[in-house]
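Novice: The structure is given below, and queries will be raised subsequently.
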Amino acid sequence: MPPADAVWQSNPPGSIYDYIRVASFSIGPDGLVDQWSLRAEQIFGISAERAVGLDPIQAFIDPDLRERGQRKMAEILDGREWTGVVPFKAPDGERGLAEVYVMPTTTPDGDRAAVCIVVDVRTLRSIETDLAASQSIFGQTPFGFLLIDPELRVRRANARFASLFGGTPDDHRGRTVADYLVRSEAERVTAIMRRVLKTGESITDMHVTGFVPGSDERRHWSINLYRVHSGSGRPIGIAWLGTDITARRAAAREAAAARRNLALLNEAGARIGNSLDLETTARELLDVVVPGFCDLATVDLYQGLLAGDETPPGLADGSAELRRVAFSSAVSDVPFTATGGTPVPVGAVHHFPFTSARADALRTARPQHIPGADGGLVQSTLAVPMVAHDTVVGLAQFSRTKGSEPFGDRDRDLAVELAARAAVSIDNARLYRRERERALILQRSLLPPGDPVASGLDIACRYLPGNAATGRPSEVGGDWFDVIELPGHRTALVVGDVMGRGLRAAVAMGELRTAVRTLALLDLEPAEVLAALDEIARGLGTPGGVQQATRAARRPREADLSEVYLATCVYAVYDSVTRRCTFANAGHLPPVLVEPGEPALMLDVPPGMPLGVGGEPFEEVEVELPEGALLALYTDGLVESRDHPLDEGLQAFVGTLTDPSQPLEDVCDHVLNTLGSHHGEDDIALLMARVQGLPAESVGDWTLPREPRSVGRAREYARGQLLSWDLEPLVDTTELLVSELVTNALRYGEGEIRLRLLLDRTLVCEVWDSGLVQPRRRRARDTDEGGRGLQLVGLLSAAWGSRRTPRGKTVWFELALPDGDSTPVDPAEALLSLF
């Protein structure tokens with residue numbers, strides 16, 4: 001038997017005969033095989049030598065079918081064709097089925113014979129299955145299917161493809177991708193198909209954009225390409241399997257836009273409104289939208305709103321003055337005119353014409369879409385009013401340049417939401433600023449006006465609201481300081497801090513400051529002042545105020561601390577004659593003292609409990625201050641911040657006080673400038689005092705025995721001292737008043753009498769004794785011979801009073817120094833007025 005590869009063929013491998021494998025043989029007039037082909041040898045396993053001369057019915061048909069086979073053979077030899085499936089048994093015993101086509105013929109002698117064509121049924125069934133599968137792909141698949149030949153022309157198209165592109169499947173034969181795609185896209189796809197045909201590498205999910213022939217409708221497809229081979233492995237073309245993803249692409253774009261918008265809203269929620277500054281909030285909005293939402297944007301706010309008006313003006317017609325507070329662009333060469341109209345730089349005040357779309361947006365509180373001008377870079381603009389609580393506060397403009405996707409309805413809704421969020425934050429900032437300004441006005445009104453003046457002290461002070469050093473807004477706190485002149489050329493220095501922020505803290509601070517001044521005028525000791533303040537603080541913020549605080553002080557365990565304002569305070573009393581200062585501290589930071597030639601140090605003053613806690617006594621510390629020493633009282637805003645712990649801030653503050661000889665104003669500026677980069681988140685109160693004791697020549701001090709002649713001697717001492725001070729105009733008045741006070745000390749006091757005259761900005765006379773009974777002024781009747789001494793003192797002096805001392809009391813009066821323009825009251829006229 002010849003080998004299979006001995007078959008000569010002129011058709012290329014992979015023809016239909018390679019699949020079918022047809023065999024043939026012929027039957028002579030006697031019904032015996034007279035010719036046997038090579039394929040017949042391969043199918044039946046019998047060589048031609050054996051097959052020729054055999055009766056095919058007897059050789060290949062089962063015994064049960066031979067009789068029927070003989071009848072069919074006779075019919076064939078009578079000239080009838082026959083086609084059928086014949087079971088056969090191969091020599092190796094294997095059974096099979098053969099499809100046989102028998103055609104009658106004649107021999108050269110004219111005798112009837114037959115030619116038989118045989119095909120193995122298994123091969124035919126395989127071909128039928130392949131054809132059915134092929135037909136299902138081409139005819140029943142929901143995808144567009146093309147068979148493209150090696151010349152990259154459509155050889156076959158299915159009905160699905162034709163339904164998308166029109167016509168019948170046969171209409172698409174011979175076309176190329178250039179008939180469906182634009183030139184650049186067709187060139188790209190052609191290059192890819194050549195690579196697939198050459199390398200055999202498949203392409204999956206390649207996205208292609210084109211147009212339906214005869215239409216401007218843009219379509220999108222997902223394409224799979226793979227090379228097709230013949231049965232022998234020869235490439236015969238490319239299979240194109242595609243599906244229309246236009247709707248899917250649109251849905252994907254919508255989903256991507258929704259995700260982008262959600263991300264923008266999330267980012268806006270995180271980034272917009274972190275500052276309570278109007279301009280900063282506007283810039284935060286633009287940081288979110290450029291370039292994620294638009295290519296450039298601006299924010300304009302009503303000038304009246306920025307100026308602090310309660311209601312922005314001009315809302316009726318939308319043409320009121322606005323100030324451009326923010327501009328951002330992702331396109332470097334786009335000027336300010338990109339959003340329309342006259343160039344408007346940041347910071348400029350302007351207005352939109354009444355008939356403009358932007359004014360209409362402000363007037364109606366509805367967004368307006370503004371097309372770009374022909375030839376300009378901007379293709380469209382959304383003018384979106386910024387509305388907060390039914391109030392338009394400004395206008396945000398979002399623009400996209402040529403080449404960007406135009407604004408849609410979803411974009412407009414997103415722009416409105418973004419502008420509304422920024423508007424609410426801006427309105428909150430406006431309300432906060434108004435509240436803060438009111439608190440500042442209240443707080444500043446309660447602080448000492450101008451530069452405080454004190455006897456024996458050079459004073460400098462600073463107050464900075466929270467974040468004044470950093471430029472960021474913050475709520476006003478309750479920091480305060482005060483300088484209070486006391487009798488005897490003494491001075492009370494106070495620095496305090498109410499815990500909490502806002503208007504209520506400022507009000508509480510004002511109440512405490514007023515209470516401090518009232519208590520100071522009672523000339524109480526520092527510890528007593530703080531004890532009384534503690535009771536008052538326990539009643540702040542509750543009905544009844546000081547009265548409830550007094551009751552709470554009597555029942556400290558029953559006080560409700562949730563209704564109490566806590567505060568810290570340092571109260572110091574400085575005596576310019578002795579240069580001694582007595583401190584008491586209620587939970588405040590320690591004072592800092594700088595002596596000449598020595599490093600700064602923090603005074604060891606027991607801190608005590610904050611005001612409002614109650615139940616704990618306050619201690620006093622007395623310190624002698626050398627001439628030229630520098631004393632600093634301050635609040636924690638100067639030395640503490642979130643990023644710098646208190647100890648570090650205190651050391652930094654102490655380190656700035658290196659040269660106490662500099663002018664105090666310069667020292668204050670140096671301290672604030674040095675610490676300003678680290679602190680300033682809280683209010684800052686700084687009170688600095690340089691010690692300048694009363695000179696010895698400005699003090700007259702005498703001790704008088706307890707005897708009647710001491711009255712005359714006191715007058716002599718007073719006259720002589722005033723004449724030495726060139727204060728002759730005050731001699732008569734001083735003699736008269738000294739005589740009255742010394743006489744009272746002899747009558748109602750105890751122990752030795754001490755007379756002291758002090759000269760500074762005023763003349764002060766003090767009479768000391770050991771008695772504890774305070775003098776009480778009363779109105780004498782016309783029939784009384786006495787009782788008019790204190791009335792006379794009050795009439796002739798600028799001020800008078802009495803205070804307790806550790807060993808008795810002191811009664812004092814004060815006279816203004818003659819200035820040349822005023823005439824002292826005549827003592828004689830004053831005496832006559834009392835009768």
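Residues are referred to by chain and number: the chain letter is A, B, ... according to the order shown in the structure tokens, the number counts from 1 in that chain, and ligands are numbered separately from 1 in the order shown.
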Apply DSSP to the backbone of this structure and, from region 186-362 of chain A, keep only the residues in strand (DSSP E or B); write these as a ChimeraX atom specification.
Specialist: /A:203-211,218-229,235-244,296-302,322-329,349-350
Novice: I want to know what sits within 9 Å of Met73 (chain A), based on only C-alpha atoms, with residues of the same chain fewer than 4 positions away left out; could you give that as a VMD selection string?
Specialist: chain A and resid 31 57 68 to 69 77 to 78
Novice: Could you write out that same residue set with all heavy atoms as a short mmCIF file (atom, residue, chain, number, x, y, z; two decimals), in the first residue's frame?
Specialist:
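Written output follows (part.cif):
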data_model
loop_
_atom_site.label_atom_id
_atom_site.label_comp_id
_atom_site.auth_asym_id
_atom_site.auth_seq_id
_atom_site.Cartn_x
_atom_site.Cartn_y
_atom_site.Cartn_z
N GLY A 31 -20.64 -7.95 -11.38
CA GLY A 31 -20.87 -7.60 -9.99
C GLY A 31 -19.66 -7.70 -9.12
O GLY A 31 -19.76 -7.62 -7.89
N ILE A 57 -20.53 -7.34 -1.96
CA ILE A 57 -21.61 -7.67 -1.02
C ILE A 57 -21.12 -8.73 -0.05
O ILE A 57 -21.34 -8.64 1.16
CB ILE A 57 -22.86 -8.15 -1.79
CG1 ILE A 57 -23.33 -7.06 -2.77
CG2 ILE A 57 -23.97 -8.48 -0.81
CD1 ILE A 57 -23.67 -5.75 -2.13
N ARG A 68 -30.40 -8.44 0.84
CA ARG A 68 -30.89 -7.13 0.40
C ARG A 68 -29.85 -6.44 -0.45
O ARG A 68 -30.17 -5.77 -1.43
CB ARG A 68 -31.21 -6.29 1.64
CG ARG A 68 -31.79 -4.93 1.29
CD ARG A 68 -32.05 -4.14 2.55
NE ARG A 68 -32.53 -2.80 2.26
CZ ARG A 68 -32.72 -1.82 3.15
NH1 ARG A 68 -32.44 -2.08 4.45
NH2 ARG A 68 -33.16 -0.64 2.79
N GLY A 69 -28.60 -6.65 -0.13
CA GLY A 69 -27.53 -6.04 -0.91
C GLY A 69 -27.48 -6.60 -2.33
O GLY A 69 -27.19 -5.85 -3.28
N LEU A 77 -26.99 -2.48 -11.49
CA LEU A 77 -26.50 -2.96 -12.79
C LEU A 77 -27.56 -2.85 -13.87
O LEU A 77 -27.26 -2.92 -15.07
CB LEU A 77 -26.00 -4.40 -12.66
CG LEU A 77 -24.76 -4.59 -11.79
CD1 LEU A 77 -24.40 -6.07 -11.67
CD2 LEU A 77 -23.59 -3.81 -12.36
N ASP A 78 -28.81 -2.69 -13.44
CA ASP A 78 -29.88 -2.45 -14.41
C ASP A 78 -29.97 -0.98 -14.79
O ASP A 78 -30.86 -0.57 -15.56
CB ASP A 78 -31.23 -2.90 -13.83
CG ASP A 78 -31.36 -4.43 -13.86
OD1 ASP A 78 -30.61 -5.05 -14.62
OD2 ASP A 78 -32.20 -4.93 -13.08
#
Novice: Restricting the calculation to only C-alpha atoms, which member of A:Val621, A:Leu377, A:Asp360, A:Cys765 is positioned closest to Val331 (chain A)?
Specialist: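 Comparing A:Val621, A:Leu377, A:Asp360, A:Cys765 against Val331 (chain A), the winner is A:Leu377.
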Novice: Can you work out which one of A:Arg538, A:Val208, A:Asn744, A:Leu611 has the shortest atom-to-atom distance to Glu187 (chain A), counting only C-alpha atoms?
Specialist: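 Among the listed residues, the smallest separation from Glu187 (chain A) belongs to A:Val208.
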Novice: I'd like the contact shell of Arg324 (chain A) - 12 Å cut-off, only C-alpha atoms, skipping same-chain residues fewer than 5 positions apart - returned as a compact mmCIF listing (two decimals) with all heavy atoms, in the first residue's frame.
Specialist:
# COMPACT_ATOMS: atom_id res chain seq x y z
N LEU A 278 -13.06 85.00 55.08
CA LEU A 278 -13.85 85.00 53.85
C LEU A 278 -12.99 84.76 52.63
O LEU A 278 -13.31 83.91 51.78
CB LEU A 278 -14.60 86.33 53.70
CG LEU A 278 -15.86 86.50 54.55
CD1 LEU A 278 -15.52 86.79 56.01
CD2 LEU A 278 -16.72 87.65 54.01
N GLU A 279 -11.88 85.48 52.50
CA GLU A 279 -11.03 85.33 51.32
C GLU A 279 -10.39 83.95 51.27
O GLU A 279 -10.29 83.34 50.20
CB GLU A 279 -9.95 86.42 51.31
CG GLU A 279 -10.47 87.82 51.04
CD GLU A 279 -10.98 88.51 52.30
OE1 GLU A 279 -11.05 87.82 53.35
OE2 GLU A 279 -11.32 89.69 52.24
N ALA A 282 -12.88 81.43 49.95
CA ALA A 282 -13.03 81.54 48.50
C ALA A 282 -11.88 80.85 47.78
O ALA A 282 -12.08 80.15 46.78
CB ALA A 282 -13.11 83.01 48.09
N ARG A 283 -10.67 81.03 48.28
CA ARG A 283 -9.52 80.37 47.64
C ARG A 283 -9.60 78.86 47.82
O ARG A 283 -9.19 78.10 46.92
CB ARG A 283 -8.22 80.91 48.24
CG ARG A 283 -7.91 82.34 47.81
CD ARG A 283 -6.49 82.71 48.17
NE ARG A 283 -6.29 82.73 49.60
CZ ARG A 283 -6.45 83.81 50.36
NH1 ARG A 283 -6.85 84.95 49.82
NH2 ARG A 283 -6.24 83.76 51.67
N ALA A 297 -11.39 79.75 37.23
CA ALA A 297 -12.55 80.11 38.04
C ALA A 297 -12.24 81.38 38.82
O ALA A 297 -11.07 81.71 39.07
CB ALA A 297 -12.92 78.98 39.00
N THR A 298 -13.30 82.10 39.18
CA THR A 298 -13.18 83.31 39.99
C THR A 298 -14.27 83.32 41.04
O THR A 298 -15.30 82.65 40.90
CB THR A 298 -13.31 84.59 39.13
OG1 THR A 298 -14.63 84.61 38.55
CG2 THR A 298 -12.27 84.64 38.04
N VAL A 299 -14.04 84.09 42.10
CA VAL A 299 -15.05 84.30 43.13
C VAL A 299 -15.12 85.80 43.40
O VAL A 299 -14.09 86.44 43.66
CB VAL A 299 -14.72 83.54 44.43
CG1 VAL A 299 -15.70 83.94 45.55
CG2 VAL A 299 -14.78 82.04 44.21
N ASP A 300 -16.33 86.35 43.32
CA ASP A 300 -16.59 87.75 43.65
C ASP A 300 -17.57 87.79 44.81
O ASP A 300 -18.61 87.11 44.78
CB ASP A 300 -17.19 88.50 42.46
CG ASP A 300 -16.26 88.50 41.25
OD1 ASP A 300 -15.23 89.18 41.33
OD2 ASP A 300 -16.57 87.83 40.25
N LEU A 301 -17.25 88.57 45.83
CA LEU A 301 -18.12 88.73 47.00
C LEU A 301 -18.60 90.17 47.08
O LEU A 301 -17.89 91.09 46.66
CB LEU A 301 -17.40 88.35 48.29
CG LEU A 301 -16.89 86.90 48.39
CD1 LEU A 301 -16.19 86.70 49.72
CD2 LEU A 301 -18.03 85.91 48.23
N TYR A 302 -19.79 90.36 47.62
CA TYR A 302 -20.31 91.71 47.77
C TYR A 302 -19.40 92.54 48.66
O TYR A 302 -18.98 92.12 49.73
CB TYR A 302 -21.72 91.67 48.35
CG TYR A 302 -22.79 91.42 47.31
CD1 TYR A 302 -23.51 90.23 47.30
CD2 TYR A 302 -23.08 92.37 46.33
CE1 TYR A 302 -24.49 90.00 46.35
CE2 TYR A 302 -24.05 92.14 45.38
CZ TYR A 302 -24.75 90.96 45.38
OH TYR A 302 -25.71 90.73 44.44
N GLN A 303 -19.12 93.75 48.18
CA GLN A 303 -18.24 94.64 48.92
C GLN A 303 -18.84 94.98 50.28
O GLN A 303 -18.12 95.10 51.27
CB GLN A 303 -18.00 95.92 48.10
CG GLN A 303 -17.18 96.98 48.80
CD GLN A 303 -15.74 96.53 49.07
OE1 GLN A 303 -15.32 95.50 48.58
NE2 GLN A 303 -15.01 97.33 49.84
N LEU A 306 -18.06 92.28 52.73
CA LEU A 306 -16.67 92.34 53.18
C LEU A 306 -16.43 93.51 54.13
O LEU A 306 -15.53 93.46 54.97
CB LEU A 306 -15.74 92.43 51.98
CG LEU A 306 -15.73 91.21 51.06
CD1 LEU A 306 -14.98 91.51 49.78
CD2 LEU A 306 -15.12 90.01 51.76
N PHE A 336 -7.28 87.64 33.09
CA PHE A 336 -8.46 87.79 33.93
C PHE A 336 -9.73 87.99 33.11
O PHE A 336 -10.83 87.77 33.58
CB PHE A 336 -8.28 88.99 34.88
CG PHE A 336 -7.31 88.72 35.99
CD1 PHE A 336 -5.98 89.07 35.86
CD2 PHE A 336 -7.72 88.11 37.15
CE1 PHE A 336 -5.09 88.83 36.88
CE2 PHE A 336 -6.83 87.87 38.18
CZ PHE A 336 -5.51 88.23 38.03
N PRO A 343 -11.10 93.48 32.30
CA PRO A 343 -10.15 92.79 33.18
C PRO A 343 -10.34 93.20 34.64
O PRO A 343 -10.37 94.37 34.97
CB PRO A 343 -8.79 93.24 32.64
CG PRO A 343 -9.05 93.62 31.22
CD PRO A 343 -10.43 94.17 31.18
N VAL A 344 -10.47 92.19 35.49
CA VAL A 344 -10.71 92.44 36.92
C VAL A 344 -9.68 91.66 37.71
O VAL A 344 -9.79 90.44 37.85
CB VAL A 344 -12.14 92.01 37.35
CG1 VAL A 344 -12.34 92.30 38.83
CG2 VAL A 344 -13.18 92.74 36.52
N PRO A 345 -8.64 92.30 38.23
CA PRO A 345 -7.65 91.57 39.04
C PRO A 345 -8.19 91.29 40.44
O PRO A 345 -9.18 91.88 40.88
CB PRO A 345 -6.47 92.55 39.09
CG PRO A 345 -7.10 93.89 38.93
CD PRO A 345 -8.29 93.71 38.04
N VAL A 346 -7.54 90.39 41.12
CA VAL A 346 -7.92 90.07 42.49
C VAL A 346 -7.74 91.31 43.36
O VAL A 346 -6.73 92.00 43.30
CB VAL A 346 -7.08 88.90 43.03
CG1 VAL A 346 -7.33 88.70 44.52
CG2 VAL A 346 -7.40 87.63 42.27
N GLY A 347 -8.75 91.59 44.16
CA GLY A 347 -8.72 92.75 45.03
C GLY A 347 -9.47 93.95 44.48
O GLY A 347 -9.75 94.89 45.23
N ALA A 348 -9.78 93.94 43.18
CA ALA A 348 -10.46 95.08 42.57
C ALA A 348 -11.94 95.06 42.88
O ALA A 348 -12.57 94.01 42.96
CB ALA A 348 -10.23 95.07 41.06
N VAL A 349 -12.52 96.25 43.04
CA VAL A 349 -13.96 96.41 43.25
C VAL A 349 -14.60 96.73 41.92
O VAL A 349 -14.13 97.59 41.17
CB VAL A 349 -14.24 97.51 44.29
CG1 VAL A 349 -15.75 97.71 44.47
CG2 VAL A 349 -13.60 97.16 45.62
N HIS A 350 -15.69 96.05 41.59
CA HIS A 350 -16.34 96.23 40.30
C HIS A 350 -17.81 95.88 40.43
O HIS A 350 -18.30 95.54 41.51
CB HIS A 350 -15.68 95.32 39.24
CG HIS A 350 -15.92 93.87 39.50
ND1 HIS A 350 -16.84 93.12 38.82
CD2 HIS A 350 -15.36 93.01 40.40
CE1 HIS A 350 -16.85 91.88 39.27
NE2 HIS A 350 -15.96 91.78 40.23
N HIS A 351 -18.54 95.98 39.32
CA HIS A 351 -19.92 95.53 39.29
C HIS A 351 -20.23 95.04 37.89
O HIS A 351 -19.58 95.42 36.91
CB HIS A 351 -20.89 96.64 39.71
CG HIS A 351 -21.02 97.73 38.68
ND1 HIS A 351 -20.12 98.77 38.58
CD2 HIS A 351 -21.94 97.91 37.69
CE1 HIS A 351 -20.47 99.56 37.58
NE2 HIS A 351 -21.57 99.07 37.02
N PHE A 352 -21.25 94.15 37.78
CA PHE A 352 -21.66 93.62 36.49
C PHE A 352 -22.79 94.49 35.93
O PHE A 352 -23.67 94.93 36.68
CB PHE A 352 -22.15 92.17 36.64
CG PHE A 352 -21.07 91.22 37.07
CD1 PHE A 352 -21.17 90.55 38.28
CD2 PHE A 352 -19.96 91.00 36.28
CE1 PHE A 352 -20.18 89.68 38.69
CE2 PHE A 352 -18.97 90.13 36.68
CZ PHE A 352 -19.07 89.47 37.88
N GLY A 394 -22.38 86.36 46.89
CA GLY A 394 -21.41 86.61 45.82
C GLY A 394 -21.68 85.74 44.61
O GLY A 394 -22.74 85.10 44.50
N LEU A 395 -20.70 85.71 43.71
CA LEU A 395 -20.83 84.96 42.46
C LEU A 395 -19.55 84.17 42.21
O LEU A 395 -18.45 84.72 42.29
CB LEU A 395 -21.07 85.92 41.28
CG LEU A 395 -21.34 85.26 39.93
CD1 LEU A 395 -22.73 84.63 39.90
CD2 LEU A 395 -21.20 86.26 38.79
N ALA A 396 -19.73 82.88 41.92
CA ALA A 396 -18.61 82.03 41.51
C ALA A 396 -18.76 81.74 40.02
O ALA A 396 -19.86 81.45 39.53
CB ALA A 396 -18.61 80.72 42.29
N GLN A 397 -17.64 81.84 39.28
CA GLN A 397 -17.66 81.58 37.84
C GLN A 397 -16.68 80.45 37.53
O GLN A 397 -15.51 80.51 37.93
CB GLN A 397 -17.28 82.83 37.06
CG GLN A 397 -18.23 84.00 37.28
CD GLN A 397 -17.86 85.18 36.41
OE1 GLN A 397 -18.05 85.18 35.20
NE2 GLN A 397 -17.32 86.21 37.04
Novice: For Ala357 (chain A), please output as a list in words all residues within 8 Å (counting only C-alpha atoms; exclusion window: fewer than 6 positions along the same chain).
Specialist: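 Once the adjacent positions are removed, what remains is Gln368, Ile370 and Ala383 of chain A.
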Novice: Let me see the file: selected residues, all heavy atoms, as a PDB file, in the first residue's frame.
Specialist:
ATOM      1  N   GLN A 368     -26.373  80.600  35.547  1.00  0.00           N
ATOM      2  CA  GLN A 368     -26.503  80.956  34.135  1.00  0.00           C
ATOM      3  C   GLN A 368     -25.347  80.337  33.365  1.00  0.00           C
ATOM      4  O   GLN A 368     -24.195  80.385  33.808  1.00  0.00           O
ATOM      5  CB  GLN A 368     -26.483  82.482  33.951  1.00  0.00           C
ATOM      6  CG  GLN A 368     -27.630  83.217  34.635  1.00  0.00           C
ATOM      7  CD  GLN A 368     -28.961  82.936  33.974  1.00  0.00           C
ATOM      8  OE1 GLN A 368     -29.034  82.766  32.757  1.00  0.00           O
ATOM      9  NE2 GLN A 368     -30.026  82.877  34.774  1.00  0.00           N
ATOM     10  N   ILE A 370     -23.072  80.609  30.148  1.00  0.00           N
ATOM     11  CA  ILE A 370     -22.648  81.683  29.244  1.00  0.00           C
ATOM     12  C   ILE A 370     -21.718  81.085  28.200  1.00  0.00           C
ATOM     13  O   ILE A 370     -20.611  80.630  28.532  1.00  0.00           O
ATOM     14  CB  ILE A 370     -21.922  82.799  30.027  1.00  0.00           C
ATOM     15  CG1 ILE A 370     -22.817  83.300  31.172  1.00  0.00           C
ATOM     16  CG2 ILE A 370     -21.535  83.935  29.108  1.00  0.00           C
ATOM     17  CD1 ILE A 370     -22.121  84.248  32.116  1.00  0.00           C
ATOM     18  N   ALA A 383     -21.988  80.780  35.530  1.00  0.00           N
ATOM     19  CA  ALA A 383     -22.043  81.839  36.532  1.00  0.00           C
ATOM     20  C   ALA A 383     -23.020  81.391  37.612  1.00  0.00           C
ATOM     21  O   ALA A 383     -24.229  81.312  37.384  1.00  0.00           O
ATOM     22  CB  ALA A 383     -22.487  83.152  35.905  1.00  0.00           C
TER      23      ALA A 383
END
Novice: I'd like the neighbourhood of Gln58 (chain A) as a ChimeraX atom specification, where a residue qualifies if any of its atoms comes within 12 Å (using only C-alpha atoms), though same-chain residues fewer than 3 positions away should be ignored.
Specialist: /A:31-33,51,53-55,61-70,73,88-89
Novice: Find the spatial neighbours of Pro705 (chain A), counting only C-alpha atoms, within a cut-off of 8 Å - ignore same-chain residues fewer than 2 positions away - and output them as a list in words.
Specialist: Thr703, Glu707, Ser710, Glu752 and Ile753 of chain A
Novice: Save out the residues we just selected, N, CA, C and O atoms, as a compact mmCIF listing (two decimals), in the first residue's frame.
Specialist:
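part23.txt was written with the following content:
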# COMPACT_ATOMS: atom_id res chain seq x y z
N THR A 703 7.40 110.71 113.07
CA THR A 703 6.66 110.01 114.12
C THR A 703 6.35 111.00 115.24
O THR A 703 7.25 111.71 115.74
N GLU A 707 0.29 113.09 122.15
CA GLU A 707 0.07 114.21 123.06
C GLU A 707 -0.50 115.36 122.25
O GLU A 707 -0.30 115.45 121.04
N SER A 710 1.34 117.49 119.56
CA SER A 710 1.75 116.87 118.29
C SER A 710 0.96 117.45 117.12
O SER A 710 1.41 117.40 115.97
N GLU A 752 1.38 105.36 118.77
CA GLU A 752 2.07 106.49 118.17
C GLU A 752 1.39 106.90 116.86
O GLU A 752 0.72 106.12 116.20
N ILE A 753 1.62 108.16 116.50
CA ILE A 753 1.06 108.73 115.28
C ILE A 753 2.20 108.97 114.30
O ILE A 753 3.25 109.48 114.68
Novice: What does the distance between CA of Val86 (chain A) and CA of Glu49 (chain A) come to in Å, to one decimal place?
Specialist: 23.0 Å
Novice: Need to verify the contact set: Leu296 (chain A), 7 Å, only C-alpha atoms, exclusion of same-chain residues closer than 4 positions in sequence. Can you return it as a list in words?
Specialist: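 Returned residues: Val290, Ser328, Ser329, Ala330, Phe398, Ser399 and Arg400 of chain A.
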Novice: Pick out each residue of region 97-193 of chain A that DSSP on the backbone tags as alpha helix (DSSP H); I need them as a ChimeraX atom specification.
Specialist: /A:121-135,159-165,183-193
